[in-house]
Amino acid sequence: MTLPFAIIAVLIVAAASAAMTLRNLVHSALAVAVAFGGLALAYLYLDAQFVGLAQILVYVGAVAILIVFAVLLTRGGEAPEKSIFSATWFWGLLITVAVFATLAWCVMHSFASKREPADKVEVTVKQIGDALMTKFVLPLEVIGLLLTAALIGAVIIAMREEKK
Amino acid sequence: MTPLAGYLLLSAFLFAIGLAGALTRRNAIIVLIGIELMLNAANLNFIAFWRYGANPEALTGIMFVIFAIAVAAAEAAVGLALIIAIYRHYKTTNVDEVNILKG
């Protein structure tokens, strides 16, 4: 394990844990933005520059802001008087531990885990653009349609209902 | 370099944190944040497998992550719009108080 990976891993885990346990929703939103930033660092460290920058642009730039706006619009910034955890939190935690144990067991016993990476890979934006316009052009069009439909749907759902 | 298991374990732990948040918290916004964390854990797996895989020139992992990020953004937009609509209707964002369909 190398030092940069350890720093990135600690950053991601600490920020994600803080996001899931803090009482104040605004603090949670900020912590999750840090976690998204840490993931972008991990992508950059894995030689995936384009994905790392897309992660910063989409998650830190858009999704985190969207979450903050939702917190403001629902007055969630006020700290709740009652417990922040649901009544069935014990079962949720049990399921989580079981899922993590299963995943960790699979990872530790997999022959693929001991792989060493290929030599330095250089992926330019031009290559990604070429691939998007040739081999992956159909998924790209479908994603465009999906984003349009999702944004129109989000606007219609969140629109104030007309008083009858 | 870190062996692949390091990234896979980090990703599994991030998935577990997101799952714990989605299953134990009462606020719907935090549940949505937990789901976003789980999606990001899957993306980290894709990138790690692409980097350590046999044929990185094929760009398969990168393309999958780009499309997954787009789908996750659409999911966040629709999810938060739903939360705002539910708040307007019930004046709460706690998932256990929205129980009108409960038998």
# chains A, B, ... in the order shown; residues from 1 in each chain; ligands from 1

call {"tool": "closest_atom_pairs", "arguments": {"of": "segment 53-89 of chain B", "to": "segment 68-75 of chain A", "cutoff": "9 Å", "atoms": "only C-alpha atoms", "output": "JSON lines"}}
result
{"residue": "B:Leu80", "atom": "CA", "partner": "A:Ala70", "partner_atom": "CA", "distance": 6.3}
{"residue": "B:Ala81", "atom": "CA", "partner": "A:Ala70", "partner_atom": "CA", "distance": 8.1}
{"residue": "B:Ile83", "atom": "CA", "partner": "A:Ala70", "partner_atom": "CA", "distance": 7.8}
{"residue": "B:Ile84", "atom": "CA", "partner": "A:Thr74", "partner_atom": "CA", "distance": 6.5}
{"residue": "B:Tyr87", "atom": "CA", "partner": "A:Thr74", "partner_atom": "CA", "distance": 6.3}
{"residue": "B:Arg88", "atom": "CA", "partner": "A:Thr74", "partner_atom": "CA", "distance": 8.2}

call {"tool": "closest_atom_pairs", "arguments": {"of": "chain B", "to": "chain A", "cutoff": "6 Å", "atoms": "only C-alpha atoms", "output": "tab-separated table"}}
result
residue	atom	partner	partner_atom	distance
B:Thr2	CA	A:Met1	CA	4.6
B:Pro3	CA	A:Lys114	CA	5.9
B:Leu4	CA	A:Ser113	CA	5.0
B:Ala5	CA	A:Ser113	CA	4.5
B:Ala16	CA	A:Thr96	CA	5.7
B:Ala20	CA	A:Thr96	CA	5.7
B:Gly21	CA	A:Met20	CA	5.2
B:Leu23	CA	A:Gly92	CA	4.9
B:Thr24	CA	A:Trp89	CA	4.4
B:Arg25	CA	A:Phe85	CA	4.4
B:Arg26	CA	A:Ser86	CA	5.0
B:Tyr52	CA	A:Pro117	CA	4.2
B:Ala74	CA	A:Ala150	CA	5.6
B:Val78	CA	A:Ala154	CA	4.7
B:Ala81	CA	A:Ala158	CA	4.9
B:Ala85	CA	A:Ala158	CA	5.4

call {"tool": "select_by_dssp", "arguments": {"residues": "chain B", "states": "helix (DSSP H, G or I)", "output": "PyMOL selection string"}}
result
chain B and resi 4-24+28-52+56-58+60-90

call {"tool": "atom_distance", "arguments": {"atom1": "atom CA of Leu10 of chain B", "atom2": "atom CA of Ile66 of chain B"}}
result
20.3 Å

call {"tool": "decode", "arguments": {"residues": "segment 77-89 of chain B", "atoms": "all heavy atoms", "output": "PDB file, in the first residue's frame"}}
result
ATOM      1  N   ALA B  77     -31.305  14.335  -9.597  1.00  0.00           N
ATOM      2  CA  ALA B  77     -32.252  15.405  -9.910  1.00  0.00           C
ATOM      3  C   ALA B  77     -33.681  14.957  -9.643  1.00  0.00           C
ATOM      4  O   ALA B  77     -34.455  15.646  -8.969  1.00  0.00           O
ATOM      5  CB  ALA B  77     -32.073  15.834 -11.363  1.00  0.00           C
ATOM      6  N   VAL B  78     -34.043  13.751 -10.152  1.00  0.00           N
ATOM      7  CA  VAL B  78     -35.413  13.270  -9.963  1.00  0.00           C
ATOM      8  C   VAL B  78     -35.681  12.984  -8.485  1.00  0.00           C
ATOM      9  O   VAL B  78     -36.744  13.323  -7.952  1.00  0.00           O
ATOM     10  CB  VAL B  78     -35.651  12.016 -10.826  1.00  0.00           C
ATOM     11  CG1 VAL B  78     -37.012  11.436 -10.544  1.00  0.00           C
ATOM     12  CG2 VAL B  78     -35.548  12.371 -12.289  1.00  0.00           C
ATOM     13  N   GLY B  79     -34.696  12.390  -7.784  1.00  0.00           N
ATOM     14  CA  GLY B  79     -34.883  12.062  -6.374  1.00  0.00           C
ATOM     15  C   GLY B  79     -35.115  13.303  -5.532  1.00  0.00           C
ATOM     16  O   GLY B  79     -36.030  13.335  -4.692  1.00  0.00           O
ATOM     17  N   LEU B  80     -34.305  14.348  -5.750  1.00  0.00           N
ATOM     18  CA  LEU B  80     -34.481  15.563  -4.951  1.00  0.00           C
ATOM     19  C   LEU B  80     -35.789  16.261  -5.302  1.00  0.00           C
ATOM     20  O   LEU B  80     -36.444  16.827  -4.413  1.00  0.00           O
ATOM     21  CB  LEU B  80     -33.285  16.490  -5.144  1.00  0.00           C
ATOM     22  CG  LEU B  80     -32.009  15.948  -4.499  1.00  0.00           C
ATOM     23  CD1 LEU B  80     -30.805  16.754  -4.906  1.00  0.00           C
ATOM     24  CD2 LEU B  80     -32.130  15.949  -2.988  1.00  0.00           C
ATOM     25  N   ALA B  81     -36.201  16.212  -6.584  1.00  0.00           N
ATOM     26  CA  ALA B  81     -37.508  16.781  -6.942  1.00  0.00           C
ATOM     27  C   ALA B  81     -38.627  16.048  -6.214  1.00  0.00           C
ATOM     28  O   ALA B  81     -39.569  16.672  -5.709  1.00  0.00           O
ATOM     29  CB  ALA B  81     -37.706  16.710  -8.452  1.00  0.00           C
ATOM     30  N   LEU B  82     -38.516  14.715  -6.123  1.00  0.00           N
ATOM     31  CA  LEU B  82     -39.524  13.929  -5.395  1.00  0.00           C
ATOM     32  C   LEU B  82     -39.540  14.329  -3.923  1.00  0.00           C
ATOM     33  O   LEU B  82     -40.618  14.463  -3.313  1.00  0.00           O
ATOM     34  CB  LEU B  82     -39.228  12.437  -5.521  1.00  0.00           C
ATOM     35  CG  LEU B  82     -39.670  11.770  -6.809  1.00  0.00           C
ATOM     36  CD1 LEU B  82     -39.143  10.351  -6.862  1.00  0.00           C
ATOM     37  CD2 LEU B  82     -41.176  11.753  -6.886  1.00  0.00           C
ATOM     38  N   ILE B  83     -38.343  14.509  -3.325  1.00  0.00           N
ATOM     39  CA  ILE B  83     -38.283  14.888  -1.908  1.00  0.00           C
ATOM     40  C   ILE B  83     -38.950  16.240  -1.695  1.00  0.00           C
ATOM     41  O   ILE B  83     -39.715  16.432  -0.731  1.00  0.00           O
ATOM     42  CB  ILE B  83     -36.824  14.903  -1.425  1.00  0.00           C
ATOM     43  CG1 ILE B  83     -36.282  13.484  -1.380  1.00  0.00           C
ATOM     44  CG2 ILE B  83     -36.715  15.540  -0.052  1.00  0.00           C
ATOM     45  CD1 ILE B  83     -34.824  13.406  -1.057  1.00  0.00           C
ATOM     46  N   ILE B  84     -38.720  17.191  -2.619  1.00  0.00           N
ATOM     47  CA  ILE B  84     -39.341  18.508  -2.481  1.00  0.00           C
ATOM     48  C   ILE B  84     -40.859  18.389  -2.614  1.00  0.00           C
ATOM     49  O   ILE B  84     -41.616  19.001  -1.854  1.00  0.00           O
ATOM     50  CB  ILE B  84     -38.737  19.475  -3.525  1.00  0.00           C
ATOM     51  CG1 ILE B  84     -37.296  19.792  -3.144  1.00  0.00           C
ATOM     52  CG2 ILE B  84     -39.544  20.762  -3.610  1.00  0.00           C
ATOM     53  CD1 ILE B  84     -36.537  20.543  -4.183  1.00  0.00           C
ATOM     54  N   ALA B  85     -41.324  17.551  -3.559  1.00  0.00           N
ATOM     55  CA  ALA B  85     -42.768  17.372  -3.716  1.00  0.00           C
ATOM     56  C   ALA B  85     -43.371  16.732  -2.463  1.00  0.00           C
ATOM     57  O   ALA B  85     -44.438  17.144  -1.999  1.00  0.00           O
ATOM     58  CB  ALA B  85     -43.049  16.506  -4.944  1.00  0.00           C
ATOM     59  N   ILE B  86     -42.675  15.732  -1.893  1.00  0.00           N
ATOM     60  CA  ILE B  86     -43.171  15.077  -0.672  1.00  0.00           C
ATOM     61  C   ILE B  86     -43.196  16.072   0.476  1.00  0.00           C
ATOM     62  O   ILE B  86     -44.145  16.110   1.270  1.00  0.00           O
ATOM     63  CB  ILE B  86     -42.292  13.858  -0.332  1.00  0.00           C
ATOM     64  CG1 ILE B  86     -42.559  12.731  -1.306  1.00  0.00           C
ATOM     65  CG2 ILE B  86     -42.537  13.388   1.084  1.00  0.00           C
ATOM     66  CD1 ILE B  86     -41.617  11.566  -1.149  1.00  0.00           C
ATOM     67  N   TYR B  87     -42.170  16.931   0.560  1.00  0.00           N
ATOM     68  CA  TYR B  87     -42.136  17.917   1.640  1.00  0.00           C
ATOM     69  C   TYR B  87     -43.315  18.871   1.523  1.00  0.00           C
ATOM     70  O   TYR B  87     -43.940  19.237   2.519  1.00  0.00           O
ATOM     71  CB  TYR B  87     -40.824  18.699   1.596  1.00  0.00           C
ATOM     72  CG  TYR B  87     -40.769  19.785   2.635  1.00  0.00           C
ATOM     73  CD1 TYR B  87     -40.559  19.465   3.964  1.00  0.00           C
ATOM     74  CD2 TYR B  87     -40.989  21.108   2.302  1.00  0.00           C
ATOM     75  CE1 TYR B  87     -40.545  20.441   4.934  1.00  0.00           C
ATOM     76  CE2 TYR B  87     -40.981  22.086   3.258  1.00  0.00           C
ATOM     77  CZ  TYR B  87     -40.756  21.756   4.571  1.00  0.00           C
ATOM     78  OH  TYR B  87     -40.756  22.712   5.534  1.00  0.00           O
ATOM     79  N   ARG B  88     -43.642  19.265   0.281  1.00  0.00           N
ATOM     80  CA  ARG B  88     -44.745  20.208   0.093  1.00  0.00           C
ATOM     81  C   ARG B  88     -46.066  19.559   0.516  1.00  0.00           C
ATOM     82  O   ARG B  88     -46.955  20.208   1.042  1.00  0.00           O
ATOM     83  CB  ARG B  88     -44.800  20.594  -1.383  1.00  0.00           C
ATOM     84  CG  ARG B  88     -45.396  21.952  -1.611  1.00  0.00           C
ATOM     85  CD  ARG B  88     -45.236  22.335  -3.043  1.00  0.00           C
ATOM     86  NE  ARG B  88     -43.941  22.904  -3.325  1.00  0.00           N
ATOM     87  CZ  ARG B  88     -43.317  22.769  -4.486  1.00  0.00           C
ATOM     88  NH1 ARG B  88     -43.836  22.034  -5.426  1.00  0.00           N
ATOM     89  NH2 ARG B  88     -42.157  23.345  -4.675  1.00  0.00           N
ATOM     90  N   HIS B  89     -46.171  18.256   0.318  1.00  0.00           N
ATOM     91  CA  HIS B  89     -47.418  17.549   0.597  1.00  0.00           C
ATOM     92  C   HIS B  89     -47.544  17.203   2.075  1.00  0.00           C
ATOM     93  O   HIS B  89     -48.577  17.415   2.689  1.00  0.00           O
ATOM     94  CB  HIS B  89     -47.447  16.282  -0.241  1.00  0.00           C
ATOM     95  CG  HIS B  89     -48.814  15.748  -0.465  1.00  0.00           C
ATOM     96  ND1 HIS B  89     -49.669  16.307  -1.387  1.00  0.00           N
ATOM     97  CD2 HIS B  89     -49.479  14.731   0.115  1.00  0.00           C
ATOM     98  CE1 HIS B  89     -50.808  15.647  -1.360  1.00  0.00           C
ATOM     99  NE2 HIS B  89     -50.725  14.680  -0.467  1.00  0.00           N
TER     100      HIS B  89
END
